[in-house]
>>> print(open('target-v6.cif').read())   # mmCIF, C-alpha atoms and all ligand atoms
data_entry
#
loop_
_atom_site.group_PDB
_atom_site.id
_atom_site.type_symbol
_atom_site.label_atom_id
_atom_site.label_comp_id
_atom_site.auth_asym_id
_atom_site.auth_seq_id
_atom_site.Cartn_x
_atom_site.Cartn_y
_atom_site.Cartn_z
ATOM 1 C CA MET A 1 -0.740 -22.265 16.974
ATOM 2 C CA SER A 2 -2.414 -18.942 16.165
ATOM 3 C CA ARG A 3 -5.324 -19.602 13.776
ATOM 4 C CA ASN A 4 -6.977 -16.248 13.007
ATOM 5 C CA LEU A 5 -4.412 -14.887 10.604
ATOM 6 C CA ILE A 6 -3.762 -12.089 8.145
ATOM 7 C CA PHE A 7 -1.050 -12.648 5.529
ATOM 8 C CA PHE A 8 0.191 -9.262 4.548
ATOM 9 C CA GLY A 9 2.747 -7.952 2.095
ATOM 10 C CA PRO A 10 3.243 -6.575 -1.396
ATOM 11 C CA PRO A 11 1.948 -8.290 -4.541
ATOM 12 C CA GLY A 12 4.012 -11.387 -5.271
ATOM 13 C CA ALA A 13 5.462 -11.636 -1.751
ATOM 14 C CA GLY A 14 4.271 -15.247 -1.517
ATOM 15 C CA LYS A 15 1.063 -14.786 0.516
ATOM 16 C CA GLY A 16 -0.963 -17.193 -1.622
ATOM 17 C CA THR A 17 1.848 -19.768 -1.891
ATOM 18 C CA GLN A 18 2.337 -19.889 1.890
ATOM 19 C CA ALA A 19 -1.387 -19.666 2.725
ATOM 20 C CA LYS A 20 -2.217 -22.672 0.521
ATOM 21 C CA ARG A 21 0.474 -24.747 2.223
ATOM 22 C CA LEU A 22 -0.641 -23.782 5.731
ATOM 23 C CA MET A 23 -4.245 -24.530 4.744
ATOM 24 C CA GLU A 24 -3.229 -28.056 3.629
ATOM 25 C CA ASP A 25 -1.087 -28.742 6.711
ATOM 26 C CA HIS A 26 -3.432 -27.326 9.366
ATOM 27 C CA SER A 27 -6.907 -27.312 7.763
ATOM 28 C CA ILE A 28 -7.285 -23.551 8.122
ATOM 29 C CA PRO A 29 -9.345 -22.074 5.233
ATOM 30 C CA GLN A 30 -7.596 -19.518 3.048
ATOM 31 C CA ILE A 31 -9.737 -16.495 2.209
ATOM 32 C CA SER A 32 -8.086 -14.805 -0.760
ATOM 33 C CA THR A 33 -10.000 -11.745 -1.930
ATOM 34 C CA GLY A 34 -8.103 -11.870 -5.236
ATOM 35 C CA ASP A 35 -9.173 -15.501 -5.818
ATOM 36 C CA ILE A 36 -12.812 -14.726 -4.916
ATOM 37 C CA LEU A 37 -12.828 -11.762 -7.304
ATOM 38 C CA ARG A 38 -11.316 -13.848 -10.120
ATOM 39 C CA ALA A 39 -13.932 -16.581 -9.520
ATOM 40 C CA ASN A 40 -16.671 -13.928 -9.774
ATOM 41 C CA ARG A 41 -15.182 -12.704 -13.033
ATOM 42 C CA SER A 42 -15.085 -16.138 -14.589
ATOM 43 C CA GLN A 43 -18.676 -16.760 -13.477
ATOM 44 C CA GLY A 44 -19.720 -13.390 -14.975
ATOM 45 C CA THR A 45 -21.358 -12.095 -11.770
ATOM 46 C CA GLU A 46 -22.232 -8.423 -11.260
ATOM 47 C CA LEU A 47 -19.411 -8.173 -8.687
ATOM 48 C CA GLY A 48 -16.996 -9.686 -11.218
ATOM 49 C CA ARG A 49 -18.041 -7.164 -13.880
ATOM 50 C CA LYS A 50 -17.665 -4.234 -11.461
ATOM 51 C CA ALA A 51 -14.201 -5.414 -10.332
ATOM 52 C CA GLN A 52 -12.803 -6.223 -13.779
ATOM 53 C CA GLY A 53 -11.530 -2.789 -14.856
ATOM 54 C CA PHE A 54 -9.849 -2.074 -11.527
ATOM 55 C CA MET A 55 -8.095 -5.457 -11.444
ATOM 56 C CA ASP A 56 -6.869 -5.386 -15.035
ATOM 57 C CA ASN A 57 -5.330 -1.960 -14.431
ATOM 58 C CA GLY A 58 -3.635 -2.993 -11.168
ATOM 59 C CA LYS A 59 -5.873 -0.693 -9.094
ATOM 60 C CA LEU A 60 -7.691 -1.592 -5.889
ATOM 61 C CA VAL A 61 -11.361 -2.562 -6.122
ATOM 62 C CA PRO A 62 -13.610 -0.145 -4.110
ATOM 63 C CA ASP A 63 -13.806 -0.918 -0.374
ATOM 64 C CA ASN A 64 -17.602 -1.376 -0.214
ATOM 65 C CA LEU A 65 -17.535 -4.227 -2.769
ATOM 66 C CA ILE A 66 -14.690 -5.983 -0.956
ATOM 67 C CA ILE A 67 -16.116 -5.636 2.563
ATOM 68 C CA ASP A 68 -19.517 -7.085 1.583
ATOM 69 C CA MET A 69 -17.743 -9.940 -0.198
ATOM 70 C CA VAL A 70 -15.632 -10.825 2.871
ATOM 71 C CA ASP A 71 -18.663 -10.583 5.169
ATOM 72 C CA ASP A 72 -20.440 -13.118 2.909
ATOM 73 C CA ARG A 73 -17.398 -15.384 2.942
ATOM 74 C CA PHE A 74 -17.203 -15.426 6.762
ATOM 75 C CA GLY A 75 -20.859 -16.431 6.765
ATOM 76 C CA GLN A 76 -20.173 -19.674 4.874
ATOM 77 C CA GLY A 77 -19.663 -21.657 8.086
ATOM 78 C CA ASP A 78 -16.150 -23.093 7.687
ATOM 79 C CA CYS A 79 -14.336 -20.352 9.637
ATOM 80 C CA ASP A 80 -15.112 -21.359 13.235
ATOM 81 C CA ASN A 81 -11.641 -22.861 13.782
ATOM 82 C CA GLY A 82 -9.614 -20.175 12.119
ATOM 83 C CA TRP A 83 -8.944 -18.493 8.794
ATOM 84 C CA ILE A 84 -6.112 -17.055 6.750
ATOM 85 C CA LEU A 85 -6.939 -13.727 5.178
ATOM 86 C CA ASP A 86 -4.804 -13.320 2.041
ATOM 87 C CA GLY A 87 -4.968 -9.935 0.311
ATOM 88 C CA PHE A 88 -7.404 -8.400 2.815
ATOM 89 C CA PRO A 89 -7.552 -5.898 4.448
ATOM 90 C CA ARG A 90 -5.783 -3.744 1.899
ATOM 91 C CA THR A 91 -6.813 -0.269 3.088
ATOM 92 C CA VAL A 92 -7.305 1.206 6.561
ATOM 93 C CA PRO A 93 -11.116 1.447 5.997
ATOM 94 C CA GLN A 94 -11.093 -2.301 5.159
ATOM 95 C CA ALA A 95 -9.170 -2.985 8.404
ATOM 96 C CA VAL A 96 -11.706 -0.981 10.419
ATOM 97 C CA ALA A 97 -14.561 -2.859 8.711
ATOM 98 C CA LEU A 98 -12.855 -6.203 9.440
ATOM 99 C CA ASP A 99 -12.720 -5.343 13.148
ATOM 100 C CA GLY A 100 -16.440 -4.567 13.013
ATOM 101 C CA LEU A 101 -17.431 -7.808 11.340
ATOM 102 C CA LEU A 102 -15.196 -9.861 13.667
ATOM 103 C CA ASN A 103 -16.649 -8.120 16.748
ATOM 104 C CA ARG A 104 -20.109 -9.175 15.617
ATOM 105 C CA ARG A 105 -18.830 -12.774 15.539
ATOM 106 C CA ASP A 106 -16.941 -12.531 18.904
ATOM 107 C CA ALA A 107 -13.662 -13.123 17.075
ATOM 108 C CA GLY A 108 -10.397 -11.236 16.579
ATOM 109 C CA VAL A 109 -7.106 -11.288 14.695
ATOM 110 C CA ASP A 110 -4.332 -13.347 16.407
ATOM 111 C CA ARG A 111 -1.425 -12.606 14.073
ATOM 112 C CA VAL A 112 -0.573 -10.429 11.096
ATOM 113 C CA VAL A 113 2.384 -11.901 9.190
ATOM 114 C CA LEU A 114 4.186 -9.389 7.000
ATOM 115 C CA LEU A 115 6.215 -11.021 4.216
ATOM 116 C CA LYS A 116 9.111 -8.778 3.204
ATOM 117 C CA VAL A 117 10.504 -9.099 -0.332
ATOM 118 C CA PRO A 118 12.489 -6.455 -2.290
ATOM 119 C CA ASP A 119 10.726 -4.842 -5.285
ATOM 120 C CA ASP A 120 13.157 -6.298 -7.877
ATOM 121 C CA ASP A 121 12.443 -9.857 -6.676
ATOM 122 C CA ILE A 122 8.716 -9.111 -6.809
ATOM 123 C CA VAL A 123 8.879 -8.110 -10.465
ATOM 124 C CA ASP A 124 10.708 -11.395 -11.289
ATOM 125 C CA ARG A 125 8.226 -13.438 -9.298
ATOM 126 C CA ILE A 126 5.114 -11.852 -10.754
ATOM 127 C CA THR A 127 6.149 -11.713 -14.398
ATOM 128 C CA GLY A 128 7.142 -15.415 -14.139
ATOM 129 C CA ARG A 129 4.038 -16.489 -12.251
ATOM 130 C CA ARG A 130 1.542 -18.920 -13.778
ATOM 131 C CA VAL A 131 -1.693 -19.974 -12.048
ATOM 132 C CA CYS A 132 -4.108 -22.893 -12.389
ATOM 133 C CA ARG A 133 -7.361 -21.628 -13.879
ATOM 134 C CA THR A 134 -9.469 -24.059 -11.834
ATOM 135 C CA CYS A 135 -7.840 -24.434 -8.381
ATOM 136 C CA GLY A 136 -5.687 -21.268 -8.293
ATOM 137 C CA ALA A 137 -2.457 -23.170 -7.448
ATOM 138 C CA PRO A 138 0.477 -20.795 -8.039
ATOM 139 C CA TYR A 139 3.469 -21.804 -10.196
ATOM 140 C CA HIS A 140 6.533 -20.003 -11.489
ATOM 141 C CA VAL A 141 8.318 -20.591 -14.794
ATOM 142 C CA THR A 142 11.686 -20.817 -13.002
ATOM 143 C CA PHE A 143 11.135 -21.294 -9.258
ATOM 144 C CA LYS A 144 8.170 -23.682 -9.303
ATOM 145 C CA PRO A 145 7.239 -24.996 -12.764
ATOM 146 C CA PRO A 146 4.477 -27.600 -13.096
ATOM 147 C CA ALA A 147 5.684 -31.118 -13.998
ATOM 148 C CA VAL A 148 4.009 -30.804 -17.427
ATOM 149 C CA ASP A 149 4.187 -27.379 -19.082
ATOM 150 C CA GLY A 150 0.807 -25.592 -18.901
ATOM 151 C CA VAL A 151 -0.900 -28.307 -16.799
ATOM 152 C CA CYS A 152 -1.641 -28.078 -13.055
ATOM 153 C CA ASP A 153 0.007 -30.835 -10.956
ATOM 154 C CA ALA A 154 -2.931 -30.877 -8.526
ATOM 155 C CA ASP A 155 -5.978 -31.143 -10.795
ATOM 156 C CA GLY A 156 -4.805 -31.097 -14.420
ATOM 157 C CA GLY A 157 -6.319 -27.615 -14.980
ATOM 158 C CA GLU A 158 -4.922 -25.121 -17.482
ATOM 159 C CA VAL A 159 -1.988 -23.117 -16.105
ATOM 160 C CA TYR A 160 -2.164 -19.535 -17.415
ATOM 161 C CA GLN A 161 -0.705 -16.058 -16.895
ATOM 162 C CA ARG A 162 -2.893 -13.491 -15.104
ATOM 163 C CA ALA A 163 -3.687 -10.341 -17.130
ATOM 164 C CA ASP A 164 -2.333 -8.145 -14.301
ATOM 165 C CA ASP A 165 1.008 -10.005 -14.115
ATOM 166 C CA THR A 166 2.916 -7.747 -16.523
ATOM 167 C CA GLU A 167 5.797 -5.543 -15.416
ATOM 168 C CA GLU A 168 3.760 -2.384 -16.157
ATOM 169 C CA LYS A 169 0.824 -3.535 -13.987
ATOM 170 C CA VAL A 170 3.137 -4.746 -11.216
ATOM 171 C CA ARG A 171 4.549 -1.229 -10.910
ATOM 172 C CA VAL A 172 0.994 0.147 -10.523
ATOM 173 C CA ARG A 173 0.191 -2.544 -7.919
ATOM 174 C CA LEU A 174 3.381 -1.762 -5.973
ATOM 175 C CA ASP A 175 2.390 1.910 -5.984
ATOM 176 C CA GLU A 176 -1.106 1.040 -4.707
ATOM 177 C CA TYR A 177 0.519 -1.089 -2.007
ATOM 178 C CA ALA A 178 2.831 1.719 -0.861
ATOM 179 C CA HIS A 179 0.082 4.350 -0.720
ATOM 180 C CA ASN A 180 -3.000 2.448 0.428
ATOM 181 C CA THR A 181 -1.984 -0.912 1.903
ATOM 182 C CA ALA A 182 1.290 -0.399 3.802
ATOM 183 C CA PRO A 183 -0.479 1.845 6.402
ATOM 184 C CA VAL A 184 -2.605 -1.167 7.428
ATOM 185 C CA ALA A 185 0.499 -2.707 9.101
ATOM 186 C CA ALA A 186 0.716 0.299 11.435
ATOM 187 C CA TYR A 187 -3.014 -0.038 12.226
ATOM 188 C CA PHE A 188 -2.470 -3.594 13.549
ATOM 189 C CA GLY A 189 1.039 -2.821 14.830
ATOM 190 C CA GLN A 190 -0.420 -0.884 17.757
ATOM 191 C CA ARG A 191 -1.773 -4.214 19.109
ATOM 192 C CA GLY A 192 1.602 -5.992 19.090
ATOM 193 C CA ILE A 193 0.357 -8.777 16.795
ATOM 194 C CA VAL A 194 2.405 -8.026 13.653
ATOM 195 C CA ARG A 195 5.365 -10.333 12.875
ATOM 196 C CA GLU A 196 7.689 -9.504 9.981
ATOM 197 C CA ILE A 197 9.404 -12.373 8.202
ATOM 198 C CA ASP A 198 11.961 -12.487 5.416
ATOM 199 C CA GLY A 199 10.055 -13.667 2.328
ATOM 200 C CA THR A 200 13.194 -14.316 0.238
ATOM 201 C CA GLY A 201 14.861 -17.703 -0.283
ATOM 202 C CA GLU A 202 13.328 -21.099 -1.026
ATOM 203 C CA ILE A 203 9.566 -21.550 -0.534
ATOM 204 C CA ASP A 204 10.291 -24.208 2.156
ATOM 205 C CA GLU A 205 12.613 -21.878 4.043
ATOM 206 C CA VAL A 206 9.975 -19.119 4.092
ATOM 207 C CA TYR A 207 7.386 -21.649 5.303
ATOM 208 C CA GLY A 208 9.690 -22.601 8.215
ATOM 209 C CA ARG A 209 9.972 -18.953 9.253
ATOM 210 C CA LEU A 210 6.208 -18.550 8.965
ATOM 211 C CA VAL A 211 5.372 -21.537 11.163
ATOM 212 C CA ALA A 212 7.915 -20.344 13.751
ATOM 213 C CA VAL A 213 6.110 -17.023 14.251
ATOM 214 C CA LEU A 214 2.712 -18.748 14.511
ATOM 215 C CA GLU A 215 3.744 -21.141 17.299
HETATM 216 P P1 LIG A 301 -4.416 -10.505 -5.445
HETATM 217 O O1 LIG A 301 -4.825 -11.700 -6.192
HETATM 218 O O2 LIG A 301 -4.628 -10.454 -3.966
HETATM 219 O O3 LIG A 301 -2.936 -10.160 -5.827
HETATM 220 P P2 LIG A 301 -1.719 -9.562 -4.947
HETATM 221 O O4 LIG A 301 -1.888 -9.120 -3.565
HETATM 222 O O5 LIG A 301 -1.212 -8.547 -5.856
HETATM 223 O O6 LIG A 301 -0.926 -10.757 -4.621
HETATM 224 P P3 LIG A 301 -0.467 -11.798 -5.562
HETATM 225 O O7 LIG A 301 -1.499 -12.849 -5.758
HETATM 226 O O8 LIG A 301 0.056 -11.132 -6.813
HETATM 227 O O9 LIG A 301 0.817 -12.346 -4.803
HETATM 228 P P4 LIG A 301 1.055 -13.336 -3.580
HETATM 229 O O10 LIG A 301 1.688 -12.569 -2.467
HETATM 230 O O11 LIG A 301 -0.121 -14.178 -3.256
HETATM 231 O O12 LIG A 301 2.212 -14.198 -4.245
HETATM 232 P P5 LIG A 301 2.221 -15.716 -4.770
HETATM 233 O O13 LIG A 301 2.202 -16.645 -3.608
HETATM 234 O O14 LIG A 301 1.248 -15.932 -5.878
HETATM 235 O O15 LIG A 301 -5.186 -9.219 -6.019
HETATM 236 C C1 LIG A 301 -5.329 -8.988 -7.411
HETATM 237 C C2 LIG A 301 -6.190 -7.759 -7.630
HETATM 238 O O16 LIG A 301 -7.500 -7.967 -7.047
HETATM 239 C C3 LIG A 301 -5.701 -6.473 -6.984
HETATM 240 O O17 LIG A 301 -4.757 -5.800 -7.789
HETATM 241 C C4 LIG A 301 -7.008 -5.696 -6.830
HETATM 242 O O18 LIG A 301 -7.441 -5.141 -8.050
HETATM 243 C C5 LIG A 301 -7.998 -6.782 -6.443
HETATM 244 N N1 LIG A 301 -8.107 -6.981 -4.994
HETATM 245 C C6 LIG A 301 -7.859 -8.137 -4.314
HETATM 246 N N2 LIG A 301 -8.059 -7.968 -2.997
HETATM 247 C C7 LIG A 301 -8.449 -6.677 -2.835
HETATM 248 C C8 LIG A 301 -8.785 -5.898 -1.701
HETATM 249 N N3 LIG A 301 -8.750 -6.417 -0.436
HETATM 250 N N4 LIG A 301 -9.125 -4.604 -1.883
HETATM 251 C C9 LIG A 301 -9.168 -4.072 -3.119
HETATM 252 N N5 LIG A 301 -8.850 -4.756 -4.241
HETATM 253 C C10 LIG A 301 -8.492 -6.043 -4.103
HETATM 254 O O19 LIG A 301 3.715 -15.755 -5.379
HETATM 255 C C11 LIG A 301 4.036 -14.983 -6.527
HETATM 256 C C12 LIG A 301 4.967 -15.804 -7.436
HETATM 257 O O20 LIG A 301 6.210 -16.007 -6.759
HETATM 258 C C13 LIG A 301 4.427 -17.212 -7.777
HETATM 259 O O21 LIG A 301 4.801 -17.493 -9.100
HETATM 260 C C14 LIG A 301 5.164 -18.142 -6.793
HETATM 261 O O22 LIG A 301 5.355 -19.436 -7.336
HETATM 262 C C15 LIG A 301 6.495 -17.408 -6.622
HETATM 263 N N6 LIG A 301 7.062 -17.566 -5.292
HETATM 264 C C16 LIG A 301 6.392 -17.551 -4.092
HETATM 265 N N7 LIG A 301 7.272 -17.688 -3.074
HETATM 266 C C17 LIG A 301 8.505 -17.775 -3.650
HETATM 267 C C18 LIG A 301 9.833 -17.931 -3.124
HETATM 268 N N8 LIG A 301 10.079 -18.017 -1.815
HETATM 269 N N9 LIG A 301 10.855 -17.962 -4.007
HETATM 270 C C19 LIG A 301 10.630 -17.881 -5.348
HETATM 271 N N10 LIG A 301 9.396 -17.749 -5.919
HETATM 272 C C20 LIG A 301 8.359 -17.700 -5.057
#
>>> encode(input="target-v6.cif", output="structure tokens")
Amino acid sequence: MSRNLIFFGPPGAGKGTQAKRLMEDHSIPQISTGDILRANRSQGTELGRKAQGFMDNGKLVPDNLIIDMVDDRFGQGDCDNGWILDGFPRTVPQAVALDGLLNRRDAGVDRVVLLKVPDDDIVDRITGRRVCRTCGAPYHVTFKPPAVDGVCDADGGEVYQRADDTEEKVRVRLDEYAHNTAPVAAYFGQRGIVREIDGTGEIDEVYGRLVAVLE
């Protein structure tokens, strides 16, 4: 199975949901730039303070902050047997920087999986999303509710709604995706490593399609 992976797609496409499952099944660490930024915010770090305004308005955080953050994360020592990048790279300069930091580590990207979901479904998914404040497990009020309302099944943490998960902010995030992030697929497409999968349907069905393109 391919193990150096980028999960790509619009906000709410299911990148985090599928990455967490693959991480559990195959012990491949998920590197979610959104989760790392949110952890920095809750810890009140300088990076968290710098990122806050961009995130709350649905805008991308500046490339230099993100690239340094990912470089640090790769240096943590658990990525020798693969990784799942979730939410990175999100601009062509981030993709170029990723190539540079992987070259320094004699590594490369095996597969880019592009999850395709129509915009109307995305708005439903994101406005209904709830997330565990401690472990980041994603839920949905209709499609994947926790067993006890407001309580994470995995660790009992508080399940809350992200500040950027309103319809207004989703529209801004979709616009950012179209203008800045979608071109990244063409950047990797030239290498023949991009696989598009249908991200609609049950979470299990999408997972089956995902595993099939990684074999
Ligand atoms: P980030 O946290 O990365 O958000 P995102 O890309 O907008 O992606 P999401 O987390 O919203 O969606 P997802 O695809 O993971 O979907 P999920 O699995 O949760 O980024 C947030 C912000 O941080 C950005 O706006 C930006 O400011 C900043 N940032 C982060 N990375 C950056 C970078 N590289 N550069 C610059 N800025 C950066 O699923 C969504 C919902 O749908 C859930 O409720 C889930 O339960 C449900 N669901 C999933 N699959 C299905 C299914 N098959 N059927 C029904 N429901 C489903």
>>> closest_residue(input="target-v6.cif", among="A:Ile84, A:Ile203, A:Val141, A:Cys79", to="ligand LIG 301 (chain A)", atoms="only C-alpha atoms and all ligand atoms")
A:Ile203
>>> closest_residue(input="target-v6.cif", among="A:Pro118, A:Pro146, A:Pro10, A:Gly44", to="ligand LIG 301 (chain A)", atoms="all atoms listed in the file")
A:Pro10
>>> closest_residue(input="target-v6.cif", among="A:Asp86, A:Asp68, A:Asp119, A:Asp149", to="ligand LIG 301 (chain A)", atoms="all atoms listed in the file")
A:Asp86
>>> atom_distance(input="target-v6.cif", atom1="atom CA of Gln43 of chain A", atom2="atom CA of Asp72 of chain A")
16.9 Å
>>> closest_atom_pairs(input="target-v6.cif", of="segment 50-132 of chain A", to="segment 16-28 of chain A", cutoff="10 Å", atoms="all atoms listed in the file", output="tab-separated table")
residue	atom	partner	partner_atom	distance
A:Asp78	CA	A:Ile28	CA	8.9
A:Cys79	CA	A:Ile28	CA	7.9
A:Asp80	CA	A:Ile28	CA	9.6
A:Asn81	CA	A:Ile28	CA	7.2
A:Gly82	CA	A:Ile28	CA	5.7
A:Trp83	CA	A:Ile28	CA	5.4
A:Ile84	CA	A:Ala19	CA	6.7
A:Leu85	CA	A:Ala19	CA	8.5
A:Asp86	CA	A:Gly16	CA	6.6
A:Gly87	CA	A:Gly16	CA	8.5
A:Leu115	CA	A:Gln18	CA	10.0
>>> resolve_selection(input="target-v6.cif", expression="the PyMOL selection byres (((chain A and resi 168-175) around 9) and not hetatm)", output="PyMOL selection string")
chain A and resi 10-12+56-60+119+122-123+126-127+163-167+176-180
>>> closest_residue(input="target-v6.cif", among="A:Arg130, A:Arg41, A:Lys50, A:Lys116", to="ligand LIG 301 (chain A)", atoms="all atoms listed in the file")
A:Arg130
>>> residues_around(input="target-v6.cif", residues="segment 189-192 of chain A", least_positions_apart="2", cutoff="10 Å", atoms="all atoms listed in the file", output="ChimeraX atom specification")
/A:109-112,183-187,194-195
>>> residues_around(input="target-v6.cif", residues="Arg209 of chain A", least_positions_apart="3", cutoff="12 Å", atoms="all atoms listed in the file", output="PyMOL selection string")
chain A and resi 18+113-116+195-206+212-215
>>> resolve_selection(input="target-v6.cif", expression="the PyMOL selection byres (((chain A and resi 159) around 8) and not hetatm)", output="PyMOL selection string")
chain A and resi 130-133+150-152+157-158+160-161
>>> closest_residue(input="target-v6.cif", among="A:Leu101, A:Leu210, A:Ala39, A:Val117", to="Ile67 of chain A", atoms="all atoms listed in the file")
A:Leu101
>>> atom_distance(input="target-v6.cif", atom1="atom CA of Gly128 of chain A", atom2="atom CA of His140 of chain A")
5.3 Å
>>> closest_residue(input="target-v6.cif", among="A:Gly48, A:Gly53, A:Pro138, A:Gly100", to="ligand LIG 301 (chain A)", atoms="all atoms listed in the file")
A:Pro138
>>> residues_around(input="target-v6.cif", residues="Asn64 of chain A", least_positions_apart="2", cutoff="10 Å", atoms="only C-alpha atoms", output="PyMOL selection string")
chain A and resi 61-62+66-69+93-94+97
